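Read through the structure below, which is laid out as structure tokens, and then see the notes.
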Amino acid sequence: VPDFNNLVNFPCHMNQKSAPAPDGTRNCVMCGHSCPCTTGGKQKGKNNSHPLADNNQNKGASGMNNNFAIIPSQNKGLCTLCDVNVWIVVHSGLEIKWCKGCKNFRPWAAFGEKGLATKCVRCRERQREKYAMEKEKKERAKLKQQANQGRAAMTAV
């Protein structure tokens with residue numbers, strides 16, 4: 001996969017990393033649309049109609065229209081509607097998709113059988129291992145706490 005800087009459709013929007021516009025927006029490096037930026041919190045634009053949004057496809061279970069996009073601070077200038085698309089590199093025909101784990105474009109094939117997933121196979125495996133280790137750590141702490149409570153109950157008699 002070519003370098004990220006060579007994949008974006010609007011490289012002129014890449015040097016906006018320093019600070020968003022006064023209205024809190026940036027332009028997406030793939031679609032060029034102006035979208036609100038996040039600063040780490042979970043804020044979503046309210047009236048940000050996005051040109052790539054399909055009004056029928058983006059209706060949530062509540063029937064609300066979710067055709068807005070934001071540019072998360074960790075997304076390298078990619079809006080939330082562009083980061084789920086599969087893109088084709090014109091000169092090579094390579095199909096690429098944004099991996100939210102790698103924080104970069106990866107070949108679409110790297111997503112394995114779950115082509116619509118947000119993370120590539122490697123990142124999903126790493127996440128699975130991390131979850132298993134955390135679960136094991138919590139279980140050990142729980143057993144240790146139960147053992148300490150059992151000892152305390154025996155000495156109090």
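By order in the structure tokens, chains are A, B, ...; within a chain, residues start at 1; ligands start at 1, following the order shown.
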
Write down as a short mmCIF file (atom, residue, chain, number, x, y, z; two decimals) with N, CA, C and O atoms, in the first residue's frame the residues of region 69-105 of chain A whose backbone DSSP state falls under strand (DSSP E or B).
data_model
loop_
_atom_site.label_atom_id
_atom_site.label_comp_id
_atom_site.auth_asym_id
_atom_site.auth_seq_id
_atom_site.Cartn_x
_atom_site.Cartn_y
_atom_site.Cartn_z
N ILE A 71 -14.84 14.39 11.97
CA ILE A 71 -13.46 13.98 11.76
C ILE A 71 -12.84 13.76 13.14
O ILE A 71 -12.49 14.72 13.82
N VAL A 86 -14.62 1.39 1.00
CA VAL A 86 -13.51 0.73 0.32
C VAL A 86 -13.14 1.64 -0.85
O VAL A 86 -14.00 2.06 -1.62
N TRP A 87 -11.87 1.97 -0.94
CA TRP A 87 -11.36 2.88 -1.97
C TRP A 87 -10.52 2.11 -2.96
O TRP A 87 -9.89 1.11 -2.61
N ILE A 88 -10.48 2.57 -4.20
CA ILE A 88 -9.66 1.93 -5.22
C ILE A 88 -8.56 2.91 -5.63
O ILE A 88 -8.85 4.05 -6.02
N GLU A 95 -7.55 -2.27 -3.96
CA GLU A 95 -8.68 -1.90 -3.11
C GLU A 95 -8.16 -1.73 -1.69
O GLU A 95 -7.53 -2.63 -1.14
N ILE A 96 -8.43 -0.56 -1.10
CA ILE A 96 -7.94 -0.27 0.25
C ILE A 96 -9.08 0.16 1.14
O ILE A 96 -10.13 0.60 0.67
N LYS A 97 -8.89 0.01 2.43
CA LYS A 97 -9.89 0.39 3.43
C LYS A 97 -9.15 0.92 4.64
O LYS A 97 -8.04 0.50 4.94
N TRP A 98 -9.75 1.86 5.35
CA TRP A 98 -9.16 2.45 6.54
C TRP A 98 -9.29 1.48 7.70
O TRP A 98 -10.37 0.97 7.99
N CYS A 99 -8.19 1.21 8.38
CA CYS A 99 -8.21 0.36 9.58
C CYS A 99 -8.15 1.27 10.80
O CYS A 99 -7.21 2.06 10.95
N ASN A 104 -4.51 3.64 9.56
CA ASN A 104 -3.94 3.80 8.23
C ASN A 104 -4.75 2.97 7.23
O ASN A 104 -5.55 2.13 7.63
N PHE A 105 -4.51 3.22 5.94
CA PHE A 105 -5.14 2.41 4.92
C PHE A 105 -4.42 1.07 4.83
O PHE A 105 -3.20 1.00 4.96
#

### Message
Taking only C-alpha atoms into account, name the residue in A:Lys142, A:Arg106, A:Arg124, A:Lys100 that is nearest to Cys79 (chain A).
### Response
A:Lys100

Would you write out, as JSON lines, a table of all residues in region 71-148 of chain A that have an atom no more than 10 Å from an atom of region 18-41 of chain A, listing for each the closest atom pair and the distance in Å to one decimal, considering only C-alpha atoms and ordering rows by chain and rising residue number?
{"residue": "A:Ile71", "atom": "CA", "partner": "A:Cys37", "partner_atom": "CA", "distance": 4.7}
{"residue": "A:Pro72", "atom": "CA", "partner": "A:Thr38", "partner_atom": "CA", "distance": 5.0}
{"residue": "A:Ser73", "atom": "CA", "partner": "A:Thr38", "partner_atom": "CA", "distance": 5.6}
{"residue": "A:Gln74", "atom": "CA", "partner": "A:Gly40", "partner_atom": "CA", "distance": 8.4}
{"residue": "A:Asn75", "atom": "CA", "partner": "A:Cys28", "partner_atom": "CA", "distance": 9.9}
{"residue": "A:Lys76", "atom": "CA", "partner": "A:Val29", "partner_atom": "CA", "distance": 8.3}
{"residue": "A:Gly77", "atom": "CA", "partner": "A:Cys28", "partner_atom": "CA", "distance": 5.5}
{"residue": "A:Leu78", "atom": "CA", "partner": "A:Cys28", "partner_atom": "CA", "distance": 5.1}
{"residue": "A:Cys79", "atom": "CA", "partner": "A:Cys28", "partner_atom": "CA", "distance": 5.5}
{"residue": "A:Thr80", "atom": "CA", "partner": "A:Cys28", "partner_atom": "CA", "distance": 9.3}
{"residue": "A:Leu81", "atom": "CA", "partner": "A:Cys31", "partner_atom": "CA", "distance": 9.2}
{"residue": "A:Cys82", "atom": "CA", "partner": "A:Met30", "partner_atom": "CA", "distance": 6.7}
{"residue": "A:Asp83", "atom": "CA", "partner": "A:Met30", "partner_atom": "CA", "distance": 8.9}
{"residue": "A:Trp87", "atom": "CA", "partner": "A:Met30", "partner_atom": "CA", "distance": 9.6}

### Task
Go ahead and compute the interatomic distance for CA of Gly112 (chain A) and CA of Gln127 (chain A), in Å to one decimal.
15.4 Å

### Message
Please determine, counting only C-alpha atoms, which residue among A:Ala132, A:Arg151, A:Val84, A:Lys138 has the shortest atom-to-atom distance to Thr118 (chain A).
### Response
A:Val84
